[in-house]
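Asks: Handing over structure_13.json, JSON, C-alpha atoms.
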```json
[["chain", "number", "residue", "atom", "x", "y", "z"],
["Q", 1, "MET", "CA", 19.44, -3.14, 19.08],
["Q", 2, "VAL", "CA", 21.04, -0.15, 17.43],
["Q", 3, "VAL", "CA", 22.32, 1.02, 20.80],
["Q", 4, "PHE", "CA", 23.78, -2.42, 21.39],
["Q", 5, "GLY", "CA", 25.38, -2.40, 17.96],
["Q", 6, "SER", "CA", 26.89, 1.00, 18.60],
["Q", 7, "ILE", "CA", 28.41, -0.18, 21.88],
["Q", 8, "LEU", "CA", 29.77, -3.22, 20.10],
["Q", 9, "SER", "CA", 31.25, -1.11, 17.33],
["Q", 10, "ALA", "CA", 32.83, 1.20, 19.87],
["Q", 11, "LEU", "CA", 34.44, -1.65, 21.77],
["Q", 12, "VAL", "CA", 35.43, -4.08, 19.04],
["Q", 13, "PHE", "CA", 35.83, -1.93, 15.95],
["Q", 14, "HIS", "CA", 37.21, 1.22, 17.61],
["Q", 15, "PHE", "CA", 34.47, 3.35, 16.16],
["Q", 16, "ASN", "CA", 32.34, 5.45, 18.48],
["Q", 17, "ILE", "CA", 29.05, 6.56, 16.96],
["Q", 18, "LEU", "CA", 29.07, 9.63, 19.19],
["Q", 19, "THR", "CA", 31.96, 11.06, 17.21],
["Q", 20, "ILE", "CA", 29.38, 12.58, 14.89],
["Q", 21, "GLY", "CA", 27.96, 14.48, 17.84],
["Q", 22, "PHE", "CA", 24.82, 13.95, 19.85],
["Q", 23, "ILE", "CA", 22.55, 16.45, 18.08],
["Q", 24, "PRO", "CA", 23.11, 15.06, 14.55],
["Q", 25, "LEU", "CA", 22.55, 11.58, 15.91],
["Q", 26, "LEU", "CA", 19.24, 12.57, 17.45],
["Q", 27, "LEU", "CA", 18.15, 14.40, 14.30],
["Q", 28, "VAL", "CA", 19.06, 11.52, 12.06],
["Q", 29, "PHE", "CA", 17.25, 9.12, 14.33],
["Q", 30, "ILE", "CA", 14.05, 11.18, 14.22],
["Q", 31, "ASN", "CA", 14.33, 11.48, 10.45],
["Q", 32, "PHE", "CA", 14.76, 7.77, 10.00],
["Q", 33, "VAL", "CA", 11.89, 6.94, 12.30],
["Q", 34, "PHE", "CA", 9.60, 9.13, 10.22],
["Q", 35, "PHE", "CA", 10.80, 7.69, 6.94],
["Q", 36, "ALA", "CA", 10.59, 4.09, 8.08],
["Q", 37, "PHE", "CA", 7.15, 4.73, 9.48],
["Q", 38, "SER", "CA", 5.87, 6.14, 6.19],
["Q", 39, "CYS", "CA", 7.45, 3.31, 4.24],
["Q", 40, "GLY", "CA", 5.97, 0.67, 6.47],
["Q", 41, "ILE", "CA", 2.54, 2.21, 6.48],
["Q", 42, "ILE", "CA", 2.41, 2.51, 2.67],
["Q", 43, "ILE", "CA", 3.33, -1.15, 2.27],
["Q", 44, "LEU", "CA", 0.81, -2.10, 4.93],
["Q", 45, "GLY", "CA", -1.88, -0.19, 3.04],
["Q", 46, "LEU", "CA", -0.98, -2.07, -0.13],
["Q", 47, "ILE", "CA", -1.13, -5.39, 1.72],
["Q", 48, "PHE", "CA", -4.54, -4.56, 3.17],
["Q", 49, "ARG", "CA", -5.77, -3.59, -0.25],
["Q", 50, "TYR", "CA", -4.36, -6.36, -2.44],
["Q", 51, "GLY", "CA", -4.11, -9.19, 0.04],
["Q", 52, "THR", "CA", -1.28, -11.38, 1.20],
["Q", 53, "ARG", "CA", -0.23, -12.13, -2.38],
["Q", 54, "ILE", "CA", 2.08, -9.16, -2.17],
["Q", 55, "GLN", "CA", 3.27, -9.77, 1.37],
["Q", 56, "ALA", "CA", 6.82, -10.27, 0.11],
["Q", 57, "LEU", "CA", 6.93, -6.51, -0.45],
["Q", 58, "ALA", "CA", 7.03, -6.14, 3.32],
["Q", 59, "TRP", "CA", 10.65, -7.19, 3.42],
["Q", 60, "GLY", "CA", 11.37, -6.79, -0.28],
["Q", 61, "ILE", "CA", 10.93, -3.12, -0.97],
["Q", 62, "VAL", "CA", 12.93, -1.46, 1.77],
["Q", 63, "PRO", "CA", 16.35, -2.82, 0.70],
["Q", 64, "VAL", "CA", 15.79, -1.03, -2.62],
["Q", 65, "PHE", "CA", 16.31, 2.20, -0.76],
["Q", 66, "GLN", "CA", 19.64, 1.05, 0.60],
["Q", 67, "PRO", "CA", 21.68, 1.86, -2.52],
["Q", 68, "LEU", "CA", 19.32, 4.60, -3.64],
["Q", 69, "CYS", "CA", 19.69, 6.50, -0.39],
["Q", 70, "ALA", "CA", 23.47, 6.27, -0.53],
["Q", 71, "ALA", "CA", 23.75, 4.55, 2.80],
["Q", 72, "PHE", "CA", 27.34, 3.38, 2.54],
["Q", 73, "PHE", "CA", 28.94, 5.75, 0.08],
["Q", 74, "PRO", "CA", 28.89, 9.45, -0.75],
["Q", 75, "LEU", "CA", 26.11, 10.57, -3.06],
["Q", 76, "SER", "CA", 28.62, 11.68, -5.68],
["Q", 77, "ILE", "CA", 29.54, 8.04, -6.41],
["Q", 78, "LEU", "CA", 26.13, 7.37, -7.93],
["Q", 79, "PRO", "CA", 25.59, 8.09, -11.63],
["Q", 80, "LYS", "CA", 23.86, 11.36, -12.40],
["Q", 81, "PRO", "CA", 20.35, 10.05, -13.21],
["Q", 82, "LEU", "CA", 20.33, 8.03, -10.00],
["Q", 83, "GLN", "CA", 21.37, 11.10, -8.04],
["Q", 84, "TYR", "CA", 18.22, 12.87, -9.15],
["Q", 85, "ILE", "CA", 16.11, 9.90, -8.11],
["Q", 86, "SER", "CA", 17.79, 9.60, -4.75],
["Q", 87, "SER", "CA", 17.26, 13.25, -3.99],
["Q", 88, "ILE", "CA", 13.55, 12.43, -3.78],
["Q", 89, "PHE", "CA", 14.11, 10.32, -0.68],
["Q", 90, "PRO", "CA", 14.76, 11.97, 2.66],
["Q", 91, "PRO", "CA", 17.31, 9.47, 4.07],
["Q", 92, "THR", "CA", 19.75, 10.50, 1.36],
["Q", 93, "PHE", "CA", 20.12, 13.90, 2.94],
["Q", 94, "SER", "CA", 20.30, 12.42, 6.40],
["Q", 95, "PHE", "CA", 23.11, 10.07, 5.42],
["Q", 96, "GLU", "CA", 24.89, 12.92, 3.68],
["Q", 97, "ALA", "CA", 24.56, 15.05, 6.77],
["Q", 98, "VAL", "CA", 25.91, 12.26, 8.96],
["Q", 99, "ARG", "CA", 28.96, 11.89, 6.73],
["Q", 100, "TYR", "CA", 29.39, 15.64, 6.81],
["Q", 101, "SER", "CA", 29.33, 15.56, 10.61],
["Q", 102, "LEU", "CA", 31.80, 12.70, 10.64],
["Q", 103, "THR", "CA", 34.35, 14.58, 8.56],
["Q", 104, "ASN", "CA", 33.79, 18.15, 9.74],
["Q", 105, "ASN", "CA", 32.65, 17.71, 13.34],
["Q", 106, "SER", "CA", 29.75, 20.10, 12.91],
["Q", 107, "THR", "CA", 26.06, 19.87, 12.21],
["Q", 108, "ASN", "CA", 24.86, 20.50, 8.69],
["Q", 109, "TRP", "CA", 21.48, 22.11, 9.37],
["Q", 110, "HIS", "CA", 20.79, 22.71, 5.70],
["Q", 111, "LEU", "CA", 20.73, 19.02, 4.79],
["Q", 112, "PHE", "CA", 18.76, 18.12, 7.89],
["Q", 113, "THR", "CA", 16.13, 20.71, 7.04],
["Q", 114, "ILE", "CA", 15.67, 19.33, 3.52],
["Q", 115, "SER", "CA", 15.42, 15.84, 4.90],
["Q", 116, "PHE", "CA", 12.92, 16.86, 7.54],
["Q", 117, "VAL", "CA", 10.65, 18.73, 5.14],
["Q", 118, "GLU", "CA", 10.62, 15.80, 2.74],
["Q", 119, "ASN", "CA", 9.88, 13.50, 5.64],
["Q", 120, "ILE", "CA", 6.85, 15.50, 6.67],
["Q", 121, "ILE", "CA", 5.50, 15.36, 3.12],
["Q", 122, "TYR", "CA", 6.13, 11.62, 2.97],
["Q", 123, "CYS", "CA", 4.49, 11.03, 6.31],
["Q", 124, "ALA", "CA", 1.36, 13.01, 5.43],
["Q", 125, "PHE", "CA", 1.11, 11.22, 2.10],
["Q", 126, "ALA", "CA", 1.57, 7.85, 3.75],
["Q", 127, "ILE", "CA", -1.16, 8.44, 6.31],
["Q", 128, "ILE", "CA", -3.64, 9.63, 3.67],
["Q", 129, "PHE", "CA", -2.70, 6.71, 1.44],
["Q", 130, "PHE", "CA", -3.16, 4.20, 4.22],
["Q", 131, "LYS", "CA", -6.56, 5.60, 5.19],
["Q", 132, "TYR", "CA", -7.70, 5.45, 1.58],
["Q", 133, "MET", "CA", -6.44, 1.89, 1.14],
["Q", 134, "PHE", "CA", -8.05, 0.78, 4.38],
["Q", 135, "LYS", "CA", -11.39, 2.19, 3.30],
["Q", 136, "LYS", "CA", -11.05, 0.64, -0.16],
["Q", 137, "SER", "CA", -10.18, -2.70, 1.39],
["Q", 138, "ARG", "CA", -13.29, -2.65, 3.55],
["Q", 139, "ASP", "CA", -15.53, -1.61, 0.66],
["Q", 140, "SER", "CA", -14.31, -4.32, -1.68],
["Q", 141, "GLY", "CA", -14.37, -7.06, 0.94],
["Q", 142, "GLN", "CA", -10.65, -7.66, 0.58],
["Q", 143, "PHE", "CA", -10.23, -6.96, 4.26],
["Q", 144, "ALA", "CA", -12.22, -10.05, 5.23],
["Q", 145, "ARG", "CA", -10.71, -12.14, 2.43],
["Q", 146, "ASN", "CA", -7.20, -11.37, 3.61],
["Q", 147, "GLU", "CA", -7.47, -14.13, 6.14],
["Q", 148, "ALA", "CA", -9.09, -16.80, 4.03],
["Y", 1, "MET", "CA", -8.60, 6.98, 20.58],
["Y", 2, "SER", "CA", -7.65, 5.59, 23.92],
["Y", 3, "LEU", "CA", -4.31, 4.88, 25.52],
["Y", 4, "TYR", "CA", -5.66, 1.73, 27.07],
["Y", 5, "ARG", "CA", -6.30, 0.03, 23.73],
["Y", 6, "ILE", "CA", -2.93, 1.12, 22.40],
["Y", 7, "TYR", "CA", -1.38, -0.43, 25.48],
["Y", 8, "ALA", "CA", -3.30, -3.66, 24.82],
["Y", 9, "ILE", "CA", -1.84, -3.98, 21.32],
["Y", 10, "LEU", "CA", 1.61, -3.24, 22.65],
["Y", 11, "VAL", "CA", 1.26, -6.08, 25.14],
["Y", 12, "GLN", "CA", 0.12, -8.39, 22.36],
["Y", 13, "GLU", "CA", 3.14, -7.41, 20.26],
["Y", 14, "TYR", "CA", 5.41, -8.02, 23.21],
["Y", 15, "TYR", "CA", 4.12, -11.54, 23.72],
["Y", 16, "ILE", "CA", 4.37, -12.34, 19.99],
["Y", 17, "THR", "CA", 7.94, -11.08, 19.92],
["Y", 18, "MET", "CA", 9.07, -12.96, 22.99],
["Y", 19, "ARG", "CA", 7.58, -16.28, 21.89],
["Y", 20, "SER", "CA", 8.48, -16.24, 18.22],
["Y", 21, "LEU", "CA", 11.94, -17.24, 17.12],
["Y", 22, "GLU", "CA", 11.37, -15.71, 13.70],
["Y", 23, "VAL", "CA", 10.80, -12.24, 15.06],
["Y", 24, "ILE", "CA", 13.74, -12.52, 17.42],
["Y", 25, "LEU", "CA", 15.99, -13.65, 14.58],
["Y", 26, "ASP", "CA", 14.79, -10.96, 12.20],
["Y", 27, "VAL", "CA", 14.81, -8.05, 14.59],
["Y", 28, "PHE", "CA", 17.78, -8.87, 16.80],
["Y", 29, "PHE", "CA", 20.00, -11.50, 15.28],
["Y", 30, "PHE", "CA", 20.28, -10.47, 11.63],
["Y", 31, "PRO", "CA", 21.04, -6.82, 12.39],
["Y", 32, "PHE", "CA", 23.61, -8.07, 14.86],
["Y", 33, "THR", "CA", 25.34, -10.25, 12.27],
["Y", 34, "ASN", "CA", 25.15, -7.44, 9.74],
["Y", 35, "ILE", "CA", 26.85, -5.04, 12.10],
["Y", 36, "VAL", "CA", 29.55, -7.56, 12.93],
["Y", 37, "ILE", "CA", 30.26, -8.24, 9.25],
["Y", 38, "PHE", "CA", 30.34, -4.60, 8.31],
["Y", 39, "GLY", "CA", 32.40, -3.83, 11.37],
["Y", 40, "PHE", "CA", 35.12, -6.20, 10.21],
["Y", 41, "ILE", "CA", 34.91, -4.84, 6.68],
["Y", 42, "SER", "CA", 35.35, -1.35, 8.05],
["Y", 43, "LEU", "CA", 38.28, -2.49, 10.20],
["Y", 44, "TYR", "CA", 39.89, -3.88, 7.07],
["Y", 45, "LEU", "CA", 39.25, -0.70, 5.11],
["Y", 46, "THR", "CA", 40.45, 1.57, 7.90],
["Y", 47, "GLY", "CA", 43.80, -0.17, 7.66],
["Y", 48, "SER", "CA", 44.05, 0.59, 3.97],
["Y", 49, "SER", "CA", 44.58, 3.97, 2.32],
["Y", 50, "HIS", "CA", 40.96, 5.13, 2.62],
["Y", 51, "SER", "CA", 40.65, 5.44, 6.35],
["Y", 52, "LEU", "CA", 37.38, 7.34, 6.16],
["Y", 53, "ALA", "CA", 35.69, 4.82, 3.90],
["Y", 54, "GLY", "CA", 35.51, 2.21, 6.62],
["Y", 55, "GLN", "CA", 33.82, 4.61, 9.00],
["Y", 56, "TYR", "CA", 31.35, 5.59, 6.30],
["Y", 57, "ILE", "CA", 30.37, 1.99, 5.78],
["Y", 58, "LEU", "CA", 30.01, 1.17, 9.45],
["Y", 59, "ILE", "CA", 27.94, 4.24, 10.28],
["Y", 60, "GLY", "CA", 25.82, 3.61, 7.21],
["Y", 61, "MET", "CA", 25.09, 0.11, 8.37],
["Y", 62, "LEU", "CA", 24.36, 1.15, 11.94],
["Y", 63, "LEU", "CA", 21.91, 3.82, 10.90],
["Y", 64, "TRP", "CA", 20.40, 1.68, 8.19],
["Y", 65, "GLN", "CA", 19.31, -0.79, 10.85],
["Y", 66, "ILE", "CA", 17.04, 1.92, 12.30],
["Y", 67, "ILE", "CA", 15.08, 2.20, 9.06],
["Y", 68, "TRP", "CA", 15.05, -1.53, 8.52],
["Y", 69, "ILE", "CA", 13.84, -2.55, 11.97],
["Y", 70, "ILE", "CA", 11.09, 0.05, 12.17],
["Y", 71, "SER", "CA", 9.60, -0.50, 8.73],
["Y", 72, "TYR", "CA", 9.90, -4.23, 9.23],
["Y", 73, "SER", "CA", 8.05, -4.21, 12.50],
["Y", 74, "VAL", "CA", 5.30, -1.91, 11.21],
["Y", 75, "CYS", "CA", 4.58, -4.32, 8.34],
["Y", 76, "LEU", "CA", 5.25, -7.65, 9.94],
["Y", 77, "GLY", "CA", 3.38, -6.86, 13.11],
["Y", 78, "SER", "CA", 0.10, -6.93, 11.30],
["Y", 79, "LEU", "CA", 1.16, -9.71, 8.95],
["Y", 80, "TRP", "CA", 1.54, -11.98, 11.97],
["Y", 81, "ASN", "CA", -2.05, -11.23, 12.78],
["Y", 82, "ILE", "CA", -3.16, -11.93, 9.22],
["Y", 83, "TRP", "CA", -1.28, -15.21, 9.12],
["Y", 84, "SER", "CA", -2.82, -16.37, 12.37],
["Y", 85, "ARG", "CA", -6.29, -15.31, 11.16],
["Y", 86, "ASN", "CA", -6.59, -12.87, 13.99],
["Y", 87, "LEU", "CA", -6.95, -9.55, 12.22],
["Y", 88, "SER", "CA", -10.72, -9.40, 11.99],
["Y", 89, "ASN", "CA", -10.99, -10.61, 15.57],
["Y", 90, "LEU", "CA", -8.85, -7.67, 16.51],
["Y", 91, "PHE", "CA", -10.97, -5.20, 14.61],
["Y", 92, "ILE", "CA", -14.19, -6.51, 16.13],
["Y", 93, "ALA", "CA", -13.03, -4.71, 19.24],
["Y", 94, "PRO", "CA", -13.88, -1.01, 19.18],
["Y", 95, "ILE", "CA", -10.51, -0.13, 17.82],
["Y", 96, "ILE", "CA", -9.78, 2.31, 15.06],
["Y", 97, "PRO", "CA", -6.94, 2.07, 12.53],
["Y", 98, "GLN", "CA", -5.19, 5.08, 13.96],
["Y", 99, "GLU", "CA", -4.80, 3.39, 17.32],
["Y", 100, "TYR", "CA", -3.55, 0.25, 15.63],
["Y", 101, "ILE", "CA", -0.92, 2.10, 13.67],
["Y", 102, "ILE", "CA", 0.26, 4.14, 16.62],
["Y", 103, "ALA", "CA", 0.69, 1.01, 18.68],
["Y", 104, "HIS", "CA", 2.71, -0.68, 15.96],
["Y", 105, "THR", "CA", 4.88, 2.33, 15.54],
["Y", 106, "LEU", "CA", 5.71, 2.31, 19.22],
["Y", 107, "SER", "CA", 6.47, -1.37, 19.19]]
```
What does the file become when written as structure tokens?

Replies:
Amino acid sequence: MVVFGSILSALVFHFNILTIGFIPLLLVFINFVFFAFSCGIIILGLIFRYGTRIQALAWGIVPVFQPLCAAFFPLSILPKPLQYISSIFPPTFSFEAVRYSLTNNSTNWHLFTISFVENIIYCAFAIIFFKYMFKKSRDSGQFARNEA
Amino acid sequence: MSLYRIYAILVQEYYITMRSLEVILDVFFFPFTNIVIFGFISLYLTGSSHSLAGQYILIGMLLWQIIWIISYSVCLGSLWNIWSRNLSNLFIAPIIPQEYIIAHTLS
């Protein structure tokens, strides 16, 4: 879908996503896959644990990251306290690095490294969290009650 | 952990996706409309004084769809099974959570 969208944007909107370079694109893709995976798995753990009452979180919590991760605007636009919060999340650095590549035509390895390290921490935390929640859910019987 | 069972879940996901209008709308259609809308916004902004702003917005939207689609499909994939009361049937099979998660990530 993203590939399709990129082709569309290249043809209709005169914007080729490859202008940021192939290596940054690949790096940002890997980063985002990791982040989205950890996000999804944490929410899934919560759903397994607390039941389908909180299923709305599945599509409700990710858009929160959209402004926090400075998807559409440079990080400096955000107010100072929010900047500190958003530096916790790895996609912030990825988006920053993409914008850097767009303006300077070079890869910003520093930002990508920060993003990648944070991603690894997130991913490890998410997997441990999910395992714990899954076990909890089985112990408390919530796992079977999920379907009732 | 076995590749065969991961493959089985992938096939199941494929059939759910192909037969369900909701999944097709959520995963293919809404990102498509989003990109079209933001594309036109960026065209408009590129014409104005901030030529870079439009590109920022469009690339932000394009890359945001990666995060959105993946986290959505990780969560919703198993929610479909919960809604159709199929989750415990699935886990009766000798499958372990790791396999399940890996399969959903791939899908």

Asks: Give the residues of chain Y that lie within 10 Å of chain Q; count all atoms listed in the file, and format the answer as a ChimeraX atom specification.

Replies: /Y:27-29,31-36,38-44,46,52-79,81-88,97-98,101-102,104-105

Asks: Could you tell me how far atom CA of Q:Phe93 lies from atom CA of Q:Pro67, in Å and to one decimal?

Replies: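 Straight-line distance from atom CA of Q:Phe93 to atom CA of Q:Pro67 works out to 13.3 Å.
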
Asks: If you count all atoms listed in the file, which residues fall within 6 Å of Q:Ser86, apart from same-chain ones fewer than 2 positions away, as a tab-separated table (two decimals) with C-alpha atoms, keeping the file's coordinate frame?

Replies:
```tsv
chain	number	residue	atom	x	y	z
Q	68	LEU	CA	19.32	4.60	-3.64
Q	69	CYS	CA	19.69	6.50	-0.39
Q	83	GLN	CA	21.37	11.10	-8.04
Q	84	TYR	CA	18.22	12.87	-9.15
Q	88	ILE	CA	13.55	12.43	-3.78
Q	89	PHE	CA	14.11	10.32	-0.68
```

Asks: So how many Å separate atom CA of Q:Pro79 and atom CA of Q:Glu118, to one decimal?

Replies: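 Computing it gives 22.1 Å between the two atoms.
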
Asks: Atom CA of Q:Ser76 to atom CA of Q:Thr92: how many Å, to one decimal?

Replies: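 Interatomic distance here is 11.4 Å.
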
Asks: Could you give me stretch 68-81 of chain Q completed to N, CA and C atoms, formatted as an mmCIF file, in the frame of the given file?

Replies:
```cif
data_model
loop_
_atom_site.group_PDB
_atom_site.id
_atom_site.type_symbol
_atom_site.label_atom_id
_atom_site.label_comp_id
_atom_site.auth_asym_id
_atom_site.auth_seq_id
_atom_site.Cartn_x
_atom_site.Cartn_y
_atom_site.Cartn_z
ATOM 1 N N LEU Q 68 19.852 3.344 -3.123
ATOM 2 C CA LEU Q 68 19.320 4.600 -3.640
ATOM 3 C C LEU Q 68 19.545 5.748 -2.669
ATOM 4 N N CYS Q 69 19.532 5.429 -1.373
ATOM 5 C CA CYS Q 69 19.690 6.500 -0.390
ATOM 6 C C CYS Q 69 21.151 6.716 -0.028
ATOM 7 N N ALA Q 70 22.048 6.063 -0.750
ATOM 8 C CA ALA Q 70 23.470 6.270 -0.530
ATOM 9 C C ALA Q 70 23.848 6.036 0.917
ATOM 10 N N ALA Q 71 23.520 4.826 1.388
ATOM 11 C CA ALA Q 71 23.750 4.550 2.800
ATOM 12 C C ALA Q 71 25.229 4.380 3.116
ATOM 13 N N PHE Q 72 25.970 3.752 2.205
ATOM 14 C CA PHE Q 72 27.340 3.380 2.540
ATOM 15 C C PHE Q 72 28.386 4.229 1.846
ATOM 16 N N PHE Q 73 27.947 5.037 0.878
ATOM 17 C CA PHE Q 73 28.940 5.750 0.080
ATOM 18 C C PHE Q 73 28.439 7.171 -0.141
ATOM 19 N N PRO Q 74 29.342 8.080 -0.475
ATOM 20 C CA PRO Q 74 28.890 9.450 -0.750
ATOM 21 C C PRO Q 74 27.988 9.498 -1.977
ATOM 22 N N LEU Q 75 27.109 10.463 -1.987
ATOM 23 C CA LEU Q 75 26.110 10.570 -3.060
ATOM 24 C C LEU Q 75 26.780 10.754 -4.416
ATOM 25 N N SER Q 76 27.979 11.349 -4.411
ATOM 26 C CA SER Q 76 28.620 11.680 -5.680
ATOM 27 C C SER Q 76 29.082 10.434 -6.426
ATOM 28 N N ILE Q 77 29.121 9.282 -5.737
ATOM 29 C CA ILE Q 77 29.540 8.040 -6.410
ATOM 30 C C ILE Q 77 28.484 7.601 -7.414
ATOM 31 N N LEU Q 78 27.223 7.826 -7.078
ATOM 32 C CA LEU Q 78 26.130 7.370 -7.930
ATOM 33 C C LEU Q 78 26.165 8.080 -9.277
ATOM 34 N N PRO Q 79 25.713 7.401 -10.337
ATOM 35 C CA PRO Q 79 25.590 8.090 -11.630
ATOM 36 C C PRO Q 79 24.541 9.190 -11.568
ATOM 37 N N LYS Q 80 24.676 10.150 -12.451
ATOM 38 C CA LYS Q 80 23.860 11.360 -12.400
ATOM 39 C C LYS Q 80 22.347 11.101 -12.356
ATOM 40 N N PRO Q 81 21.807 10.249 -13.255
ATOM 41 C CA PRO Q 81 20.350 10.050 -13.210
ATOM 42 C C PRO Q 81 19.888 9.497 -11.877
#
```
